[in-house]
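A.B. asks: Take a look at final36.txt, compact mmCIF, C-alpha atoms and all ligand atoms:
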# COMPACT_ATOMS: atom_id res chain seq x y z
CA MET A 1 0.00 0.00 0.00
CA LYS A 2 1.36 3.41 -1.00
CA TYR A 3 0.75 6.29 1.38
CA VAL A 4 0.72 9.89 0.13
CA LYS A 5 2.80 10.91 3.17
CA ASP A 6 5.63 8.64 1.99
CA ASP A 7 6.39 11.13 -0.81
CA ILE A 8 7.08 13.94 1.68
CA ALA A 9 10.70 14.67 2.60
CA GLU A 10 10.00 17.14 5.39
CA ILE A 11 7.07 18.91 7.05
CA LEU A 12 7.49 22.66 6.56
CA VAL A 13 4.30 23.94 8.24
CA SER A 14 2.68 21.55 10.74
CA GLU A 15 -1.01 21.28 11.60
CA GLU A 16 -0.33 23.04 14.92
CA GLU A 17 1.45 25.93 13.14
CA ILE A 18 -1.39 26.18 10.61
CA ASP A 19 -3.85 26.52 13.49
CA ARG A 20 -1.80 29.31 15.09
CA ILE A 21 -1.30 31.12 11.77
CA THR A 22 -4.96 31.03 10.73
CA THR A 23 -6.01 32.25 14.21
CA ARG A 24 -3.55 35.15 13.97
CA ILE A 25 -4.64 36.21 10.47
CA ALA A 26 -8.35 35.97 11.35
CA LYS A 27 -7.75 38.33 14.31
CA GLU A 28 -5.93 40.81 12.03
CA ILE A 29 -8.84 40.69 9.56
CA ASP A 30 -11.42 41.11 12.35
CA GLU A 31 -9.59 44.20 13.54
CA ASP A 32 -9.30 45.76 10.06
CA TYR A 33 -12.87 45.04 8.87
CA LYS A 34 -14.89 45.68 12.01
CA GLY A 35 -16.47 48.93 10.72
CA GLU A 36 -20.20 48.80 10.04
CA ASP A 37 -19.75 50.34 6.58
CA LYS A 38 -17.76 47.28 5.41
CA LYS A 39 -19.08 44.47 3.22
CA LEU A 40 -16.28 41.94 3.41
CA VAL A 41 -16.19 39.32 0.67
CA LEU A 42 -13.55 36.61 0.88
CA VAL A 43 -12.65 35.45 -2.62
CA CYS A 44 -11.11 31.98 -2.71
CA ILE A 45 -8.80 31.46 -5.68
CA LEU A 46 -9.41 27.87 -6.74
CA LYS A 47 -8.23 25.28 -6.31
CA GLY A 48 -5.22 25.71 -4.07
CA SER A 49 -6.82 28.13 -1.60
CA LEU A 50 -9.79 25.88 -0.72
CA VAL A 51 -8.31 24.46 2.47
CA PHE A 52 -6.86 27.72 3.83
CA MET A 53 -10.08 29.56 2.98
CA GLY A 54 -12.12 26.95 4.89
CA ASP A 55 -9.97 27.27 8.01
CA LEU A 56 -9.71 31.05 7.85
CA MET A 57 -13.37 31.86 7.35
CA LYS A 58 -14.38 29.77 10.36
CA LYS A 59 -12.15 31.91 12.58
CA ILE A 60 -13.25 35.33 11.28
CA THR A 61 -15.94 36.83 13.49
CA VAL A 62 -16.94 39.97 11.54
CA PRO A 63 -19.77 39.48 8.97
CA VAL A 64 -18.40 37.91 5.82
CA GLU A 65 -19.58 36.66 2.46
CA ILE A 66 -17.65 34.16 0.38
CA ASP A 67 -17.06 33.77 -3.32
CA CYS A 68 -14.69 31.95 -5.67
CA MET A 69 -12.59 32.70 -8.73
CA LYS A 70 -10.19 30.63 -10.78
CA ALA A 71 -7.21 31.85 -12.73
CA SER A 72 -4.58 30.05 -14.70
CA SER A 73 -1.32 31.20 -16.19
CA TYR A 74 -0.07 30.06 -19.53
CA GLY A 75 3.28 28.66 -18.48
CA VAL A 76 6.08 26.36 -19.44
CA GLY A 77 6.82 23.87 -16.65
CA THR A 78 6.91 25.75 -13.34
CA GLU A 79 7.59 29.13 -15.00
CA SER A 80 4.65 31.43 -15.58
CA SER A 81 4.47 33.32 -18.87
CA GLY A 82 3.05 36.33 -17.08
CA GLN A 83 -0.30 36.05 -18.84
CA ILE A 84 -3.29 35.25 -16.67
CA ASN A 85 -6.53 33.74 -17.88
CA ILE A 86 -9.59 34.07 -15.62
CA THR A 87 -11.44 30.78 -16.00
CA LEU A 88 -14.06 31.41 -13.31
CA ASP A 89 -15.07 35.02 -12.91
CA LEU A 90 -16.68 36.84 -10.03
CA LEU A 91 -20.24 37.62 -11.08
CA ARG A 92 -21.68 40.00 -8.50
CA PRO A 93 -24.02 42.86 -9.38
CA ASP A 94 -23.07 44.48 -6.02
CA ILE A 95 -19.31 44.56 -6.64
CA LYS A 96 -19.10 48.34 -6.15
CA GLU A 97 -20.19 47.85 -2.51
CA CYS A 98 -17.77 45.02 -1.81
CA ASP A 99 -14.56 45.14 0.22
CA ILE A 100 -12.83 42.20 -1.38
CA LEU A 101 -10.15 40.12 0.28
CA ILE A 102 -8.45 37.78 -2.18
CA VAL A 103 -7.43 34.54 -0.44
CA GLU A 104 -4.49 32.66 -1.94
CA ASP A 105 -2.61 29.55 -0.87
CA ILE A 106 0.73 30.82 -2.21
CA VAL A 107 2.32 33.86 -3.82
CA ASP A 108 5.20 32.89 -6.05
CA SER A 109 6.03 35.23 -8.95
CA GLY A 110 3.22 37.51 -7.74
CA ILE A 111 1.74 37.67 -11.23
CA THR A 112 -1.61 36.05 -10.37
CA LEU A 113 -2.30 38.20 -7.31
CA THR A 114 -1.25 41.41 -9.07
CA HIS A 115 -3.47 40.64 -12.04
CA LEU A 116 -6.50 39.70 -9.92
CA THR A 117 -6.15 42.81 -7.74
CA LYS A 118 -6.07 45.09 -10.79
CA TYR A 119 -8.92 43.18 -12.42
CA LEU A 120 -11.25 43.44 -9.41
CA LEU A 121 -10.48 47.14 -8.96
CA MET A 122 -11.16 47.65 -12.65
CA LYS A 123 -14.53 45.91 -12.19
CA GLY A 124 -15.36 48.53 -9.57
CA ALA A 125 -14.75 46.82 -6.21
CA LYS A 126 -14.84 49.31 -3.32
CA SER A 127 -11.54 47.95 -2.01
CA VAL A 128 -9.27 44.99 -2.73
CA LYS A 129 -6.81 43.48 -0.25
CA THR A 130 -4.77 40.31 -0.45
CA CYS A 131 -4.15 37.41 1.90
CA THR A 132 -1.85 34.46 1.35
CA PHE A 133 -1.00 31.47 3.48
CA LEU A 134 2.46 30.94 1.98
CA ASP A 135 4.80 33.51 0.47
CA LYS A 136 7.91 32.74 -1.59
CA PRO A 137 9.46 36.22 -1.90
CA SER A 138 12.62 34.84 -3.53
CA ARG A 139 10.54 33.93 -6.63
CA ARG A 140 8.95 37.34 -7.16
CA ARG A 141 8.80 38.71 -10.72
CA VAL A 142 6.47 41.60 -9.95
CA GLU A 143 6.55 43.69 -6.81
CA ILE A 144 3.65 42.83 -4.51
CA THR A 145 3.42 42.51 -0.74
CA PRO A 146 0.29 40.68 0.45
CA ASP A 147 -1.69 42.57 3.11
CA TYR A 148 -1.93 39.41 5.22
CA CYS A 149 0.66 36.65 5.12
CA GLY A 150 0.85 33.32 6.92
CA VAL A 151 4.48 32.37 6.55
CA GLU A 152 7.41 33.05 4.25
CA ILE A 153 9.03 29.92 2.89
CA PRO A 154 12.20 29.15 0.92
CA ASP A 155 12.10 28.13 -2.74
CA GLU A 156 11.20 24.47 -2.15
CA PHE A 157 8.69 22.29 -4.00
CA VAL A 158 5.87 22.32 -1.46
CA VAL A 159 2.57 20.43 -1.45
CA GLY A 160 -0.33 19.85 0.94
CA TYR A 161 -2.87 22.14 2.62
CA GLY A 162 -4.38 22.77 -0.83
CA LEU A 163 -1.18 22.80 -2.87
CA ASP A 164 -0.69 20.11 -5.48
CA TYR A 165 1.76 18.36 -7.70
CA ALA A 166 -0.10 16.96 -10.75
CA GLU A 167 -3.36 17.41 -8.77
CA MET A 168 -2.17 15.13 -5.94
CA TYR A 169 -1.32 15.94 -2.28
CA ARG A 170 -3.88 18.77 -1.87
CA ALA A 171 -5.64 16.91 0.96
CA LEU A 172 -2.58 16.59 3.21
CA PRO A 173 -3.29 18.49 6.44
CA PHE A 174 0.20 20.07 6.55
CA VAL A 175 2.59 21.77 4.09
CA GLY A 176 5.46 19.49 3.16
CA VAL A 177 8.44 19.41 0.84
CA LEU A 178 7.99 16.87 -1.93
CA LYS A 179 10.76 14.31 -2.38
CA PRO A 180 12.66 15.21 -5.60
CA GLU A 181 12.39 11.64 -6.92
CA VAL A 182 8.60 12.12 -7.18
CA TYR A 183 8.86 14.90 -9.79
CA THR A 184 12.11 13.93 -11.49
CA LYS A 185 10.94 10.39 -12.43
C1 LIG B 1 -1.06 28.74 -7.86
C2 LIG B 1 -1.50 29.47 -6.62
C3 LIG B 1 -1.64 30.89 -7.10
C4 LIG B 1 -0.59 31.01 -8.17
C5 LIG B 1 0.61 31.69 -7.60
O1 LIG B 1 -2.18 28.38 -8.59
O2 LIG B 1 -2.69 28.96 -6.11
O3 LIG B 1 -2.92 31.15 -7.62
O4 LIG B 1 -0.25 29.68 -8.58
O5 LIG B 1 1.63 31.82 -8.56
P1 LIG B 1 2.21 33.22 -9.05
O6 LIG B 1 2.47 34.06 -7.83
O7 LIG B 1 3.50 32.82 -9.74
O8 LIG B 1 1.26 33.83 -10.01
P2 LIG B 1 -2.18 27.27 -9.76
O9 LIG B 1 -2.13 27.96 -11.08
O10 LIG B 1 -1.07 26.28 -9.49
O11 LIG B 1 -3.59 26.59 -9.64
P3 LIG B 1 -4.24 25.72 -8.45
O12 LIG B 1 -4.46 26.68 -7.29
O13 LIG B 1 -5.52 25.22 -9.03
O14 LIG B 1 -3.27 24.62 -8.08
Let me see the structure of the file written as structure tokens.
Ligand code: PRP
C.D. replies:
Amino acid sequence: MKYVKDDIAEILVSEEEIDRITTRIAKEIDEDYKGEDKKLVLVCILKGSLVFMGDLMKKITVPVEIDCMKASSYGVGTESSGQINITLDLLRPDIKECDILIVEDIVDSGITLTHLTKYLLMKGAKSVKTCTFLDKPSRRRVEITPDYCGVEIPDEFVVGYGLDYAEMYRALPFVGVLKPEVYTK
């Protein structure tokens, strides 16, 4: 029997750390969005952000709505071309009243988050902020600093807690480094 965990070389962010991080970010969000004039909409960027979004939204105590978008970059291997295609759009007639918080699992080159922020502002959102669980600043190709960040990580091939390799490993409850032999086969 093959276990998914057997392909993990090292746990980078444990379940206990994830719990602490999501609690901390939810408190920061509560503090920033507590005004009565706010209409906070968490936008989950599929598919990677599903797990983080689920944990985070349960810990936020201010009123919140949820929505989803999906974006893909035309890339070669692990390198993004810089062009983003929105494959699931946000269709809200009330967008001009919405304070949007984009929820990402990871910021790598920064191209996706930059594009989505500009796009939602262009569509008329009242405000757009960004939240990521993982940040790989060493991989940045465009300058962007997420408003809320879980943890900065080195440039390792990470999976779990929503992140995949060939659509596998998303369901792992922690973030781990994938063994090189898995993706160099
Ligand atoms: C990942 C991640 C971000 C994006 C970050 O999504 O969820 O959306 O890449 O990369 P960037 O900072 O270089 O733009 P991916 O396209 O792998 O889709 P997935 O979430 O469905 O796995």
A.B. asks: Within 6 Å of ligand LIG 1 (chain B) (counting all atoms listed in the file), which residues show up? I'd like them as a list of chain:residue names.
C.D. replies: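 The distance check yields A:Leu46, A:Lys47, A:Gly48, A:Ser72, A:Glu104, A:Asp105, A:Ile106, A:Val107, A:Asp108, A:Ser109, A:Gly110, A:Ile111, A:Thr112, A:Leu163, A:Asp164.
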A.B. asks: Nearest to A:Lys59: which of A:Ala26, A:Val43, A:Val177, A:Leu91 is it, counting all atoms listed in the file?
C.D. replies: A:Ala26
A.B. asks: Take atom CA of A:Leu42 and atom CA of A:Lys70 and report the distance between them in Å, one decimal.
C.D. replies: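 Computing it gives 13.5 Å between the two atoms.
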A.B. asks: Residues within 9 Å of stretch 13-19 of chain A, please, as a list in words. Count only C-alpha atoms; anything in the same chain fewer than 4 positions from it doesn't count.
C.D. replies: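 Everything that qualifies: Thr23, Arg24, Phe52, Asp55, Phe133, Gly150, Val151, Pro173, Phe174, Val175 and Gly176 of chain A.
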A.B. asks: Which stretch 70-156 of chain A residues have any atom within 12 Å of an atom of stretch 29-33 of chain A, and for each, what is the nearest pair of atoms with distance in Å to one decimal, counting only C-alpha atoms, rows sorted by chain and number, as CSV?
C.D. replies:
residue,atom,partner,partner_atom,distance
A:Cys98,CA,A:Tyr33,CA,11.8
A:Asp99,CA,A:Tyr33,CA,8.8
A:Ile100,CA,A:Tyr33,CA,10.6
A:Leu101,CA,A:Ile29,CA,9.4
A:Val103,CA,A:Ile29,CA,11.8
A:Ser127,CA,A:Tyr33,CA,11.3
A:Lys129,CA,A:Ile29,CA,10.4
A:Thr130,CA,A:Ile29,CA,10.8
A:Cys131,CA,A:Ile29,CA,9.6
A:Asp147,CA,A:Ile29,CA,9.8
A:Tyr148,CA,A:Ile29,CA,8.3
A:Cys149,CA,A:Ile29,CA,11.2
